[in-house]
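model.txt, holding compact mmCIF, C-alpha atoms and all ligand atoms:
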```txt
# COMPACT_ATOMS: atom_id res chain seq x y z
CA MET A 254 -100.06 -7.22 -45.93
CA ILE A 255 -96.31 -7.45 -45.60
CA ARG A 256 -95.44 -5.83 -42.28
CA GLU A 257 -91.66 -6.24 -42.17
CA TYR A 258 -89.33 -3.55 -43.48
CA GLN A 259 -92.13 -1.01 -43.80
CA ASN A 260 -89.78 1.88 -44.53
CA ILE A 261 -88.08 0.06 -47.36
CA TRP A 262 -91.39 -1.11 -48.84
CA LYS A 263 -92.57 2.49 -48.77
CA GLU A 264 -89.58 3.63 -50.82
CA ALA A 265 -89.79 0.65 -53.20
CA LYS A 266 -93.48 1.29 -53.91
CA LYS A 267 -92.62 4.77 -55.18
CA GLU A 268 -90.38 3.19 -57.85
CA LEU A 269 -92.39 0.11 -58.82
CA SER A 270 -95.19 0.02 -61.39
CA THR A 271 -97.97 -2.51 -61.87
CA SER A 272 -96.16 -4.03 -64.87
CA ALA A 273 -94.88 -7.61 -64.99
CA HIS A 274 -91.67 -6.42 -63.30
CA GLY A 275 -93.53 -4.28 -60.78
CA LEU A 276 -94.79 -4.44 -57.24
CA ASP A 277 -96.70 -7.73 -57.52
CA HIS A 278 -93.58 -9.44 -58.89
CA THR A 279 -91.52 -7.99 -56.03
CA LYS A 280 -94.03 -9.30 -53.46
CA ARG A 281 -93.90 -12.80 -54.99
CA VAL A 282 -90.08 -12.76 -55.03
CA TYR A 283 -90.07 -11.60 -51.40
CA GLU A 284 -92.35 -14.50 -50.39
CA LEU A 285 -90.22 -17.01 -52.33
CA CYS A 286 -87.10 -15.68 -50.57
CA LYS A 287 -88.78 -16.13 -47.19
CA LYS A 288 -89.71 -19.69 -48.16
CA MET A 289 -86.17 -20.55 -49.31
CA GLU A 290 -84.15 -18.95 -46.50
CA ASP A 291 -82.77 -21.16 -43.74
CA GLU A 292 -80.74 -20.79 -40.53
CA ASN A 293 -77.61 -19.86 -42.51
CA THR A 294 -79.32 -16.97 -44.27
CA ASN A 295 -79.07 -13.37 -43.11
CA SER A 296 -82.67 -12.14 -43.45
CA ASP A 297 -81.59 -8.53 -42.97
CA VAL A 298 -79.60 -8.82 -46.18
CA LEU A 299 -81.87 -11.09 -48.23
CA LEU A 300 -85.24 -9.46 -47.59
CA PRO A 301 -84.26 -5.79 -48.14
CA ALA A 302 -82.48 -6.94 -51.32
CA ALA A 303 -85.66 -8.71 -52.47
CA ILE A 304 -87.78 -5.60 -51.87
CA LEU A 305 -85.36 -3.32 -53.74
CA HIS A 306 -84.03 -5.62 -56.48
CA ASP A 307 -86.06 -4.14 -59.37
CA ILE A 308 -86.34 -0.48 -58.35
CA ALA A 309 -84.46 0.66 -61.46
CA ARG A 310 -86.55 -1.40 -63.87
CA TYR A 311 -88.48 1.64 -65.03
CA GLU A 312 -85.26 3.41 -66.05
CA GLU A 313 -84.05 0.38 -68.01
CA ASP A 314 -87.41 -0.12 -69.77
CA ASN A 315 -87.50 3.53 -70.82
CA ASP A 316 -83.91 3.77 -71.97
CA ASP A 317 -83.49 3.83 -75.75
CA THR A 318 -79.70 3.60 -75.67
CA GLY A 319 -79.77 0.04 -74.27
CA GLU A 320 -77.05 0.97 -71.82
CA VAL A 321 -78.99 1.22 -68.55
CA ASP A 322 -78.67 -1.97 -66.50
CA HIS A 323 -81.38 -2.07 -63.83
CA ALA A 324 -79.28 -4.35 -61.63
CA ILE A 325 -76.34 -1.93 -61.47
CA LEU A 326 -78.43 1.23 -61.24
CA GLY A 327 -80.81 -0.48 -58.80
CA ALA A 328 -77.94 -1.39 -56.46
CA ASP A 329 -76.88 2.27 -56.28
CA LYS A 330 -80.43 3.52 -55.75
CA ALA A 331 -80.94 0.86 -53.06
CA ALA A 332 -77.75 1.92 -51.25
CA LYS A 333 -79.10 5.45 -50.95
CA ILE A 334 -82.44 4.27 -49.54
CA LEU A 335 -80.75 1.87 -47.11
CA LYS A 336 -78.36 4.53 -45.86
CA GLU A 337 -81.30 6.86 -45.16
CA THR A 338 -83.14 4.00 -43.42
CA GLY A 339 -80.21 3.45 -41.04
CA PHE A 340 -78.49 0.37 -42.49
CA GLU A 341 -74.74 -0.04 -41.85
CA ASP A 342 -72.23 0.17 -44.72
CA ARG A 343 -71.19 -3.50 -44.39
CA GLN A 344 -74.78 -4.64 -44.68
CA ILE A 345 -75.45 -2.24 -47.56
CA ASP A 346 -72.51 -3.74 -49.50
CA LYS A 347 -73.94 -7.23 -49.07
CA ILE A 348 -77.38 -6.10 -50.23
CA LYS A 349 -75.83 -4.32 -53.22
CA HIS A 350 -74.12 -7.56 -54.26
CA CYS A 351 -77.49 -9.41 -54.19
CA ILE A 352 -79.12 -6.76 -56.37
CA LYS A 353 -76.25 -6.51 -58.85
CA ALA A 354 -76.07 -10.29 -59.27
CA HIS A 355 -79.81 -11.03 -59.55
CA ARG A 356 -80.10 -10.35 -63.27
CA PHE A 357 -80.46 -13.18 -65.82
CA ARG A 358 -77.62 -11.87 -67.99
CA SER A 359 -75.59 -10.31 -65.21
CA ASP A 360 -71.80 -10.03 -65.41
CA GLU A 361 -71.65 -10.42 -61.64
CA GLU A 362 -72.30 -13.99 -60.44
CA PRO A 363 -74.06 -14.43 -57.08
CA VAL A 364 -71.42 -15.42 -54.51
CA THR A 365 -73.23 -15.27 -51.16
CA THR A 366 -76.11 -17.49 -50.01
CA GLU A 367 -78.42 -14.47 -49.95
CA ALA A 368 -77.50 -13.46 -53.52
CA LYS A 369 -78.06 -17.02 -54.74
CA ILE A 370 -81.50 -17.22 -53.08
CA LEU A 371 -82.59 -13.84 -54.52
CA SER A 372 -81.38 -14.81 -57.99
CA ASP A 373 -83.24 -18.13 -57.74
CA ALA A 374 -86.46 -16.54 -56.45
CA ASP A 375 -86.38 -13.98 -59.26
CA LYS A 376 -85.86 -16.72 -61.88
CA LEU A 377 -88.62 -18.93 -60.45
CA ASP A 378 -91.08 -16.06 -60.79
CA ALA A 379 -90.32 -16.00 -64.53
CA ILE A 380 -91.44 -19.61 -65.08
CA GLY A 381 -94.45 -21.82 -64.34
CA ALA A 382 -98.02 -20.51 -64.55
CA VAL A 383 -96.85 -17.16 -63.20
CA GLY A 384 -94.19 -17.06 -65.90
CA VAL A 385 -96.80 -17.69 -68.61
CA ALA A 386 -99.07 -14.98 -67.20
CA ARG A 387 -96.21 -12.48 -66.97
CA MET A 388 -95.10 -13.18 -70.55
CA PHE A 389 -98.58 -12.42 -71.88
CA MET A 390 -98.76 -9.26 -69.77
CA LEU A 391 -95.54 -8.11 -71.42
CA ALA A 392 -96.72 -9.25 -74.84
CA GLY A 393 -99.78 -7.01 -74.46
CA GLU A 394 -97.75 -4.10 -73.16
CA PHE A 395 -95.25 -4.23 -76.04
CA GLN A 396 -97.72 -5.33 -78.75
CA GLU A 397 -95.99 -8.63 -79.44
CA HIS A 398 -97.57 -11.53 -81.30
CA LEU A 399 -99.64 -14.03 -79.32
CA TYR A 400 -97.74 -16.86 -81.02
CA ARG A 401 -95.13 -17.14 -83.76
CA ASP A 402 -94.43 -20.33 -85.70
CA VAL A 403 -90.88 -19.55 -86.82
CA ASP A 404 -87.56 -21.32 -86.57
CA PRO A 405 -85.94 -20.01 -83.34
CA GLU A 406 -82.45 -20.08 -84.88
CA GLU A 407 -83.52 -17.95 -87.84
CA TYR A 408 -85.32 -15.62 -85.46
CA VAL A 409 -82.15 -15.14 -83.37
CA GLU A 410 -80.21 -14.36 -86.51
CA GLU A 411 -82.71 -11.71 -87.63
CA ASN A 412 -84.03 -10.18 -84.46
CA MET A 413 -81.58 -10.56 -81.60
CA ALA A 414 -78.56 -8.43 -80.80
CA LYS A 415 -75.35 -10.03 -79.56
CA ASN A 416 -76.10 -8.99 -75.94
CA GLY A 417 -79.34 -11.01 -76.06
CA ARG A 418 -81.67 -8.06 -76.47
CA VAL A 419 -84.60 -8.32 -78.87
CA LYS A 420 -84.15 -5.75 -81.66
CA ASP A 421 -87.82 -5.31 -82.65
CA ILE A 422 -90.16 -6.25 -79.83
CA SER A 423 -93.21 -6.24 -82.14
CA GLU A 424 -91.69 -9.30 -83.88
CA HIS A 425 -91.43 -11.14 -80.57
CA SER A 426 -93.84 -13.59 -78.89
CA PRO A 427 -94.15 -15.50 -75.60
CA ASN A 428 -93.36 -18.89 -77.20
CA LEU A 429 -90.10 -17.46 -78.61
CA GLU A 430 -89.26 -15.96 -75.22
CA TYR A 431 -89.84 -19.39 -73.72
CA GLU A 432 -87.73 -21.24 -76.33
CA LEU A 433 -84.84 -18.80 -76.32
CA LYS A 434 -84.63 -17.70 -72.72
CA LEU A 435 -86.93 -19.23 -70.13
CA LYS A 436 -86.18 -22.86 -70.98
CA LYS A 437 -82.63 -22.15 -69.83
CA VAL A 438 -83.72 -20.87 -66.40
CA PRO A 439 -83.16 -24.19 -64.54
CA ASP A 440 -79.47 -24.11 -65.65
CA LYS A 441 -79.12 -20.78 -63.88
CA LEU A 442 -80.54 -21.91 -60.51
CA TYR A 443 -78.19 -22.32 -57.56
CA THR A 444 -80.12 -23.88 -54.66
CA GLU A 445 -81.49 -27.44 -54.55
CA GLU A 446 -84.93 -26.22 -53.41
CA ALA A 447 -85.19 -23.87 -56.41
CA LYS A 448 -84.03 -26.59 -58.84
CA LYS A 449 -86.81 -28.89 -57.62
CA VAL A 450 -89.50 -26.20 -57.97
CA GLY A 451 -87.96 -25.04 -61.28
CA ARG A 452 -88.36 -28.49 -62.88
CA GLN A 453 -92.05 -28.62 -61.93
CA ARG A 454 -92.67 -25.12 -63.24
CA LEU A 455 -90.92 -25.84 -66.52
CA ASP A 456 -92.92 -29.05 -67.05
CA TYR A 457 -96.07 -26.97 -66.73
CA MET A 458 -94.81 -24.46 -69.32
CA ASP A 459 -93.92 -27.24 -71.74
CA SER A 460 -97.46 -28.58 -71.58
CA PHE A 461 -98.95 -25.07 -71.89
CA PHE A 462 -97.07 -24.19 -75.09
CA ASP A 463 -97.67 -27.64 -76.50
CA ARG A 464 -101.40 -27.18 -75.99
CA LEU A 465 -101.32 -23.61 -77.35
CA LYS A 466 -99.70 -24.80 -80.59
CA LYS A 467 -102.24 -27.62 -80.97
CA GLU A 468 -105.13 -25.19 -80.57
CA ILE A 469 -103.59 -22.71 -83.01
CA ASP A 470 -103.00 -25.52 -85.54
CA GLY A 471 -106.65 -26.53 -85.19
CA LYS A 472 -105.83 -29.92 -83.71
CA ILE A 473 -107.90 -29.41 -80.57
FE FE B 1 -84.58 -7.68 -62.22
FE FE B 2 -87.18 -9.21 -60.56
```
I need this file expressed as structure tokens, please.
Amino acid sequence: MIREYQNIWKEAKKELSTSAHGLDHTKRVYELCKKMEDENTNSDVLLPAAILHDIARYEEDNDDTGEVDHAILGADKAAKILKETGFEDRQIDKIKHCIKAHRFRSDEEPVTTEAKILSDADKLDAIGAVGVARMFMLAGEFQEHLYRDVDPEEYVEENMAKNGRVKDISEHSPNLEYELKLKKVPDKLYTEEAKKVGRQRLDYMDSFFDRLKKEIDGKI
């Protein structure tokens, strides 16, 4: 049971589902942030940002226009919650920056230590064994393929918009998500600690997809 920031957790739980981007993911990101923070980190910025970073995910997932950005909307929703919980404006601005900059394809780069740690923690939760498990949760939710043996470049040409969004999710699969997006995660990490963990997690994913292909091809 996470005891700190009870009020904020209470508000976040109202917004978070049990999906791969939901409450369990937020709890893991929160724990990773606690593990990565040091004496130079402001916990009262980092940890509230971790709790609230995905509160607009539902809106983005259910938006057909493709225009809702959960990082931008989430920062605004978070500001409202924080204001009601008694946070000062200066602190709220710092938390908003962390939330806006946490996204993989964000236009806003993380500038502060807290924003870099949150971004790293969020990325680490997308790779490794957890990353594999989350991808298959999403694959089930969106009725993707279990595996697709196609040329990634041709796939990008046919099924990906310029902003990196998948056009037809039913044509997608976890191995394509790994090839096209998650393999690049270590390049987007900021802290040394996260880079070290990131390399280990990616090695695991490499061996997982290698094994999956061998089994599908009947070699094992
Ligand atoms: Fe997010
Ligand atoms: Fe997240």
Between A:Asp314, A:Asp360, A:Glu268, A:Asp375, single out the one closest to A:Ala302, counting all atoms listed in the file.
->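 Residue with the minimum atom-to-atom distance to A:Ala302: A:Asp375.
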Compile the contact shell of A:Leu435 as a CSV table (one decimal) with C-alpha atoms, keeping the file's coordinate frame: residues with an atom at most 12 Å away, counting all atoms listed in the file, same-chain residues fewer than 3 positions apart removed.
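For reference, part-v5.csv as written:
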```csv
chain,number,residue,atom,x,y,z
A,357,PHE,CA,-80.5,-13.2,-65.8
A,376,LYS,CA,-85.9,-16.7,-61.9
A,377,LEU,CA,-88.6,-18.9,-60.4
A,378,ASP,CA,-91.1,-16.1,-60.8
A,379,ALA,CA,-90.3,-16.0,-64.5
A,380,ILE,CA,-91.4,-19.6,-65.1
A,381,GLY,CA,-94.4,-21.8,-64.3
A,384,GLY,CA,-94.2,-17.1,-65.9
A,385,VAL,CA,-96.8,-17.7,-68.6
A,387,ARG,CA,-96.2,-12.5,-67.0
A,388,MET,CA,-95.1,-13.2,-70.6
A,427,PRO,CA,-94.2,-15.5,-75.6
A,428,ASN,CA,-93.4,-18.9,-77.2
A,429,LEU,CA,-90.1,-17.5,-78.6
A,430,GLU,CA,-89.3,-16.0,-75.2
A,431,TYR,CA,-89.8,-19.4,-73.7
A,432,GLU,CA,-87.7,-21.2,-76.3
A,438,VAL,CA,-83.7,-20.9,-66.4
A,439,PRO,CA,-83.2,-24.2,-64.5
A,440,ASP,CA,-79.5,-24.1,-65.6
A,441,LYS,CA,-79.1,-20.8,-63.9
A,442,LEU,CA,-80.5,-21.9,-60.5
A,451,GLY,CA,-88.0,-25.0,-61.3
A,452,ARG,CA,-88.4,-28.5,-62.9
A,454,ARG,CA,-92.7,-25.1,-63.2
A,455,LEU,CA,-90.9,-25.8,-66.5
A,456,ASP,CA,-92.9,-29.0,-67.0
A,458,MET,CA,-94.8,-24.5,-69.3
A,459,ASP,CA,-93.9,-27.2,-71.7
```
Give one line per residue of chain A that approaches ligand FE 2 (chain B) to at most 7 Å, naming the two atoms of the closest pair and their distance in Å to one decimal, counting all atoms listed in the file; sort by chain then ascending residue number and deliver it as CSV.
```
residue,atom,partner,partner_atom,distance
A:His274,CA,B:FE2,FE,6.0
A:His278,CA,B:FE2,FE,6.6
A:Thr279,CA,B:FE2,FE,6.4
A:His306,CA,B:FE2,FE,6.3
A:Asp307,CA,B:FE2,FE,5.3
A:Asp375,CA,B:FE2,FE,5.0
```
Expected selection as JSON, numbers by chain for ligand FE 1 (chain B) within 7 Å, all atoms listed in the file | {"A": [306, 307, 310, 323, 324, 355, 356]}
Can I get the selection written as a compact mmCIF listing (two decimals), in the frame of the given file, with C-alpha atoms?
```
# COMPACT_ATOMS: atom_id res chain seq x y z
CA HIS A 306 -84.03 -5.62 -56.48
CA ASP A 307 -86.06 -4.14 -59.37
CA ARG A 310 -86.55 -1.40 -63.87
CA HIS A 323 -81.38 -2.07 -63.83
CA ALA A 324 -79.28 -4.35 -61.63
CA HIS A 355 -79.81 -11.03 -59.55
CA ARG A 356 -80.10 -10.35 -63.27
```
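Nearest to A:Val409 of all the residues A:Asp317, A:Asp373, A:Asp329, A:Asp421 is A:Asp421, counting only C-alpha atoms.
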Would you please work out which residue, of A:Met413, A:Ile334, A:Leu269, A:Leu300, is nearest to A:Glu284 when using all atoms listed in the file?
->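 Closest to A:Glu284, using all atoms listed in the file: A:Leu300.
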Enclosing box along x, y and z for every listed atom of stretch 400-416 of chain A, padded 8 Å each side, centre and size in Å, one decimal, as lines of an AutoDock Vina configuration file:
```
center_x = -86.5
center_y = -14.9
center_z = -81.9
size_x = 38.4
size_y = 28.9
size_z = 27.9
```
Need to verify the contact set: stretch 342-348 of chain A, 12 Å, all atoms listed in the file, exclusion of same-chain residues closer than 3 positions in sequence. Can you return it as a PDB file with C-alpha atoms, in the frame of the given file?
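The file below, around18.pdb, is the result:
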```pdb
ATOM      1  CA  ASN A 295     -79.070 -13.370 -43.110  1.00  0.00           C
ATOM      2  CA  SER A 296     -82.670 -12.140 -43.450  1.00  0.00           C
ATOM      3  CA  ASP A 297     -81.590  -8.530 -42.970  1.00  0.00           C
ATOM      4  CA  VAL A 298     -79.600  -8.820 -46.180  1.00  0.00           C
ATOM      5  CA  LEU A 299     -81.870 -11.090 -48.230  1.00  0.00           C
ATOM      6  CA  LEU A 300     -85.240  -9.460 -47.590  1.00  0.00           C
ATOM      7  CA  PRO A 301     -84.260  -5.790 -48.140  1.00  0.00           C
ATOM      8  CA  ALA A 302     -82.480  -6.940 -51.320  1.00  0.00           C
ATOM      9  CA  ALA A 303     -85.660  -8.710 -52.470  1.00  0.00           C
ATOM     10  CA  ILE A 304     -87.780  -5.600 -51.870  1.00  0.00           C
ATOM     11  CA  LEU A 305     -85.360  -3.320 -53.740  1.00  0.00           C
ATOM     12  CA  HIS A 306     -84.030  -5.620 -56.480  1.00  0.00           C
ATOM     13  CA  ALA A 324     -79.280  -4.350 -61.630  1.00  0.00           C
ATOM     14  CA  GLY A 327     -80.810  -0.480 -58.800  1.00  0.00           C
ATOM     15  CA  ALA A 328     -77.940  -1.390 -56.460  1.00  0.00           C
ATOM     16  CA  ASP A 329     -76.880   2.270 -56.280  1.00  0.00           C
ATOM     17  CA  LYS A 330     -80.430   3.520 -55.750  1.00  0.00           C
ATOM     18  CA  ALA A 331     -80.940   0.860 -53.060  1.00  0.00           C
ATOM     19  CA  ALA A 332     -77.750   1.920 -51.250  1.00  0.00           C
ATOM     20  CA  LYS A 333     -79.100   5.450 -50.950  1.00  0.00           C
ATOM     21  CA  ILE A 334     -82.440   4.270 -49.540  1.00  0.00           C
ATOM     22  CA  LEU A 335     -80.750   1.870 -47.110  1.00  0.00           C
ATOM     23  CA  LYS A 336     -78.360   4.530 -45.860  1.00  0.00           C
ATOM     24  CA  GLU A 337     -81.300   6.860 -45.160  1.00  0.00           C
ATOM     25  CA  THR A 338     -83.140   4.000 -43.420  1.00  0.00           C
ATOM     26  CA  GLY A 339     -80.210   3.450 -41.040  1.00  0.00           C
ATOM     27  CA  CYS A 351     -77.490  -9.410 -54.190  1.00  0.00           C
ATOM     28  CA  ILE A 352     -79.120  -6.760 -56.370  1.00  0.00           C
ATOM     29  CA  LYS A 353     -76.250  -6.510 -58.850  1.00  0.00           C
ATOM     30  CA  ALA A 354     -76.070 -10.290 -59.270  1.00  0.00           C
ATOM     31  CA  HIS A 355     -79.810 -11.030 -59.550  1.00  0.00           C
ATOM     32  CA  PRO A 363     -74.060 -14.430 -57.080  1.00  0.00           C
ATOM     33  CA  VAL A 364     -71.420 -15.420 -54.510  1.00  0.00           C
ATOM     34  CA  THR A 365     -73.230 -15.270 -51.160  1.00  0.00           C
ATOM     35  CA  THR A 366     -76.110 -17.490 -50.010  1.00  0.00           C
ATOM     36  CA  GLU A 367     -78.420 -14.470 -49.950  1.00  0.00           C
ATOM     37  CA  ALA A 368     -77.500 -13.460 -53.520  1.00  0.00           C
ATOM     38  CA  LYS A 369     -78.060 -17.020 -54.740  1.00  0.00           C
ATOM     39  CA  LEU A 371     -82.590 -13.840 -54.520  1.00  0.00           C
TER      40      LEU A 371
END
```
